[in-house]
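File shown here: upload.cif, holding mmCIF, C-alpha atoms.
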data_target
loop_
_atom_site.label_atom_id
_atom_site.label_comp_id
_atom_site.auth_asym_id
_atom_site.auth_seq_id
_atom_site.Cartn_x
_atom_site.Cartn_y
_atom_site.Cartn_z
CA MET A 258 37.94 82.06 152.05
CA ARG A 259 40.14 79.65 153.95
CA PRO A 260 43.73 80.58 154.85
CA ARG A 261 45.08 77.63 152.85
CA HIS A 262 43.76 79.31 149.70
CA LEU A 263 45.45 82.64 150.35
CA LEU A 264 49.11 81.65 149.89
CA PRO A 265 48.75 80.08 146.40
CA ILE A 266 46.52 82.96 145.34
CA ALA A 267 49.05 85.54 146.55
CA VAL A 268 51.97 83.73 144.88
CA GLY A 269 50.07 83.43 141.59
CA LEU A 270 49.09 87.10 141.67
CA ALA A 271 52.65 88.20 142.43
CA ALA A 272 54.14 86.03 139.68
CA GLY A 273 51.55 87.15 137.13
CA ILE A 274 51.96 90.83 137.91
CA TYR A 275 55.75 90.55 137.84
CA MET A 276 55.78 88.82 134.44
CA LEU A 277 53.20 91.14 132.90
CA SER A 278 55.06 94.19 134.20
CA GLY A 279 57.92 93.20 131.92
CA ALA A 280 55.83 92.07 128.96
CA VAL A 281 53.42 95.01 128.64
CA PRO A 282 56.08 97.75 128.20
CA ARG A 283 57.92 95.58 125.67
CA LEU A 284 54.74 95.04 123.69
CA ALA A 285 53.89 98.75 123.88
CA ALA A 286 57.36 99.71 122.62
CA GLN A 287 57.09 97.35 119.67
CA ALA A 288 53.50 98.24 118.84
CA ALA A 289 53.51 102.02 119.34
CA GLY A 290 57.16 102.92 119.80
CA VAL A 291 59.79 104.37 117.51
CA GLU A 292 62.03 102.02 115.59
CA GLY A 293 65.70 102.81 115.41
CA VAL A 294 69.23 101.62 116.03
CA PHE A 295 70.91 100.77 119.33
CA HIS A 296 74.71 101.16 119.64
CA ALA A 297 76.18 99.29 122.64
CA THR A 298 78.85 101.16 124.57
CA ARG A 299 79.05 99.02 127.70
CA CYS A 300 78.08 95.37 128.17
CA THR A 301 78.37 92.98 131.08
CA GLN A 302 78.43 89.23 130.78
CA GLU A 303 76.03 87.23 132.92
CA LEU A 304 75.53 83.50 133.34
CA ASP A 305 72.08 81.99 133.61
CA SER A 306 71.19 78.96 135.74
CA ASP A 307 72.26 76.60 132.94
CA GLY A 308 75.68 78.23 132.68
CA ASP A 309 74.91 79.90 129.33
CA GLU A 310 76.32 83.38 128.90
CA HIS A 311 74.21 86.40 128.03
CA TRP A 312 75.12 90.05 127.60
CA MET A 313 73.27 92.95 129.23
CA CYS A 314 74.10 96.21 127.48
CA GLU A 315 73.61 99.94 127.59
CA GLY A 316 74.44 102.50 124.96
CA SER A 317 72.83 105.05 122.70
CA PHE A 318 69.73 105.00 120.50
CA ALA A 319 69.03 106.86 117.27
CA ALA A 320 65.53 106.98 115.80
CA GLY A 321 65.25 105.49 112.34
CA ASP A 322 63.63 108.65 110.97
CA GLY A 323 66.35 110.86 112.47
CA SER A 324 63.89 112.76 114.66
CA PHE A 325 65.81 112.24 117.92
CA ALA A 326 68.70 110.48 119.61
CA ILE A 327 69.02 109.23 123.17
CA PRO A 328 72.59 109.28 124.53
CA ARG A 329 72.01 106.65 127.23
CA VAL A 330 69.56 103.75 127.19
CA GLU A 331 69.76 100.19 128.35
CA VAL A 332 68.29 97.18 126.59
CA ASP A 333 65.84 95.37 128.87
CA THR A 334 66.57 91.95 127.35
CA SER A 335 69.86 90.16 126.97
CA PHE A 336 71.92 89.44 123.88
CA ASP A 337 73.28 85.94 123.21
CA THR A 338 76.55 87.40 121.95
CA ARG A 339 78.20 90.71 122.68
CA PRO A 340 76.84 93.19 120.12
CA ASP A 341 79.70 94.44 117.97
CA GLY A 342 77.67 96.75 115.79
CA PRO A 343 74.32 98.54 115.63
CA ARG A 344 71.23 96.51 116.50
CA ALA A 345 67.59 97.20 115.72
CA ALA A 346 65.55 98.36 118.71
CA PHE A 347 62.39 100.20 119.74
CA VAL A 348 61.81 102.92 122.33
CA LEU A 349 58.61 104.56 123.53
CA GLY A 350 59.82 108.06 122.74
CA PRO A 351 62.60 110.63 123.11
CA SER A 352 62.54 110.44 126.92
CA ALA A 353 62.83 106.63 127.09
CA THR A 354 65.49 105.06 129.28
CA THR A 355 64.98 101.53 127.98
CA ALA A 356 65.22 100.10 124.48
CA VAL A 357 63.49 96.89 123.44
CA ARG A 358 64.83 94.40 120.93
CA PRO A 359 62.47 93.47 118.09
CA GLY A 360 60.74 90.10 118.06
CA VAL A 361 57.54 88.58 119.30
CA LEU A 362 59.24 86.33 121.86
CA VAL A 363 60.57 89.37 123.73
CA TRP A 364 57.08 90.08 125.09
CA LEU A 365 55.13 86.87 124.33
CA GLY A 366 57.09 84.58 126.67
CA PRO A 367 56.72 86.71 129.80
CA GLY A 368 53.21 87.77 128.77
CA ALA A 369 51.98 84.19 128.38
CA GLY A 370 53.65 83.23 131.66
CA GLY A 371 51.97 86.16 133.38
CA VAL A 372 48.53 85.32 132.02
CA LEU A 373 48.94 81.67 133.02
CA SER A 374 50.12 82.73 136.48
CA LEU A 375 47.02 84.88 136.89
CA THR A 376 44.62 82.11 135.81
CA PHE A 377 45.42 80.03 138.89
CA PRO A 378 44.50 82.71 141.44
CA ALA A 379 41.33 83.47 139.47
CA TRP A 380 40.39 79.79 139.44
CA ALA A 381 41.29 79.35 143.13
CA ALA A 382 39.26 82.41 144.15
CA VAL A 383 36.22 81.14 142.22
CA ALA A 384 36.59 77.65 143.72
CA ALA A 385 37.04 79.01 147.26
CA SER A 386 34.03 81.29 146.84
CA ARG A 387 31.93 78.43 145.48
CA ASP A 388 32.92 76.23 148.45
CA ALA A 389 32.17 79.01 150.95
CA LEU A 390 28.79 79.62 149.32
CA ALA A 391 27.97 75.91 149.46
CA ARG A 392 28.92 75.79 153.15
CA ALA A 393 26.75 78.84 153.87
CA ARG A 394 23.77 77.33 152.05
CA GLY A 395 24.21 74.11 153.97
CA ARG A 396 24.21 75.94 157.31
CA ARG A 397 21.02 77.80 156.37
CA ARG A 398 19.26 74.52 155.61
CA GLY A 399 20.54 72.93 158.79
CA SER A 400 22.76 70.45 157.05
CA ARG A 401 26.47 70.07 156.65
CA VAL A 402 27.98 70.34 153.18
CA ASP A 403 30.84 68.02 152.34
CA THR A 404 32.75 69.70 149.52
CA ALA A 405 35.90 67.59 149.75
CA ASP A 406 34.55 64.66 147.79
CA GLY A 407 31.79 66.47 145.89
CA ALA A 408 29.05 64.36 147.50
CA GLY A 409 26.92 67.42 148.17
CA PRO A 410 24.66 68.06 151.17
CA VAL A 411 24.85 65.57 154.02
CA PRO A 412 21.80 65.47 156.31
CA GLY A 413 22.42 67.01 159.70
CA PRO A 414 21.76 65.25 163.03
CA GLY A 415 18.18 64.07 163.40
CA ALA A 416 17.29 64.79 159.78
CA GLU A 417 15.67 62.14 157.65
CA PRO A 418 17.45 61.18 154.45
CA ARG A 419 15.82 62.37 151.26
CA ALA A 420 14.26 59.84 148.96
CA LYS A 421 16.01 59.49 145.66
CA THR A 422 13.84 60.02 142.62
CA ALA A 423 14.51 58.74 139.15
CA PRO A 424 14.65 61.28 136.36
CA GLN A 425 11.39 61.57 134.47
CA PRO A 426 11.49 61.09 130.68
CA ASP A 427 10.52 64.07 128.51
CA MET A 428 7.21 63.69 126.73
#
Translate the structure described by the file into structure tokens.
Amino acid sequence: MRPRHLLPIAVGLAAGIYMLSGAVPRLAAQAAGVEGVFHATRCTQELDSDGDEHWMCEGSFAAGDGSFAIPRVEVDTSFDTRPDGPRAAFVLGPSATTAVRPGVLVWLGPGAGGVLSLTFPAWAAVAASRDALARARGRRRGSRVDTADGAGPVPGPGAEPRAKTAPQPDM
């Protein structure tokens, strides 16, 4: 694999892993977690790159079935407005430190971004491997392989060009 392939592959892997590391726990909490109510006790206002305000909060969580309560959790996603009352949330269990807001976009956005980020390194690794294999085959046959323009094998020095043959019709 050529060094020019390594940087985009590493960046794609890092971005994909980062995005999926946020999406998978959110999906797990919504799919297998305990539904309940989150009560915000402390919130901080943050501005995103567009200047829109969002609220990051921590507070307490009470399971909907009354089986447990967690005195301190933080919500891993932001609120558009400061929560002034109880909000629905999910946790993975009584020892959770993070609550997740309900909704498919909470995990789908980062999850889709992570999967898309991982497709590039996979594609680049396959393409780099295919090019390396073609170069190796060309060296074994004594010819040089030009993979930049897709022309295929180029005869080496002193080699005679191959005769082109027309495809034969099926009978």
Minimum-distance residue to Ala353 (chain A), chosen among A:Ser317, A:Ser386, A:Thr301, A:Thr376 (using all atoms listed in the file):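 Once distances to Ala353 (chain A) are computed over all atoms listed in the file, the minimum belongs to A:Ser317.
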Neighbour list for region 359-372 of chain A as a count of residues only, cut-off 6 Å, all atoms listed in the file, skip fewer than 3 positions in-chain: 8
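Here CA of Cys314 (chain A) is placed at a distance of 5.7 Å from CA of Arg299 (chain A).
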Report as a list of chain:residue names the residues that result from applying the PyMOL selection byres ((chain A and resi 300) around 9) to the structure here.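 Taken on the displayed file, the PyMOL selection byres ((chain A and resi 300) around 9) yields the residues A:Ala297, A:Thr298, A:Arg299, A:Thr301, A:Gln302, A:Trp312, A:Met313, A:Cys314, A:Glu315, A:Gly316, A:Arg339, A:Pro340.
Neighbouring residues of Pro343 (chain A) at 8 Å or closer, counting all atoms listed in the file and skipping chain neighbours under 6 positions away, are Val294, Phe295, His296 and Ala297 of chain A.
CA of Arg394 (chain A) lies 29.1 Å from CA of Leu270 (chain A).
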Using all atoms listed in the file, which of A:Phe347, A:Ser306, A:Arg398, A:Ser352 sits nearest Ile327 (chain A)? A:Ser352
Within 10 Å of Asp322 (chain A), counting all atoms listed in the file, which residues qualify if same-chain residues fewer than 4 places away don't, as a PyMOL selection string? chain A and resi 291-293
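CA of Phe336 (chain A) to CA of Glu310 (chain A) spans 9.0 Å [interatomic distance, one decimal].
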Skipping near chain neighbours, those fewer than 4 positions away, what residues fall within 12 Å of Leu264 (chain A) using all atoms listed in the file, listed as an mmCIF file with C-alpha atoms, in the coordinates of the input?
data_model
loop_
_atom_site.group_PDB
_atom_site.id
_atom_site.type_symbol
_atom_site.label_atom_id
_atom_site.label_comp_id
_atom_site.auth_asym_id
_atom_site.auth_seq_id
_atom_site.Cartn_x
_atom_site.Cartn_y
_atom_site.Cartn_z
ATOM 1 C CA MET A 258 37.940 82.060 152.050
ATOM 2 C CA ARG A 259 40.140 79.650 153.950
ATOM 3 C CA PRO A 260 43.730 80.580 154.850
ATOM 4 C CA VAL A 268 51.970 83.730 144.880
ATOM 5 C CA GLY A 269 50.070 83.430 141.590
ATOM 6 C CA LEU A 270 49.090 87.100 141.670
ATOM 7 C CA ALA A 271 52.650 88.200 142.430
ATOM 8 C CA PHE A 377 45.420 80.030 138.890
ATOM 9 C CA PRO A 378 44.500 82.710 141.440
ATOM 10 C CA ALA A 381 41.290 79.350 143.130
ATOM 11 C CA ALA A 382 39.260 82.410 144.150
#
Between A:Leu373, A:Ala285, A:Ala320, A:Val332, which is the closest to Ala272 (chain A) once you count all atoms listed in the file?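 Residue with the minimum atom-to-atom distance to Ala272 (chain A): A:Leu373.
If you measure from each of A:Gly342, A:Pro351, A:Pro265, A:Gly308 to Gly323 (chain A) using only C-alpha atoms, the closest one turns out to be A:Pro351.
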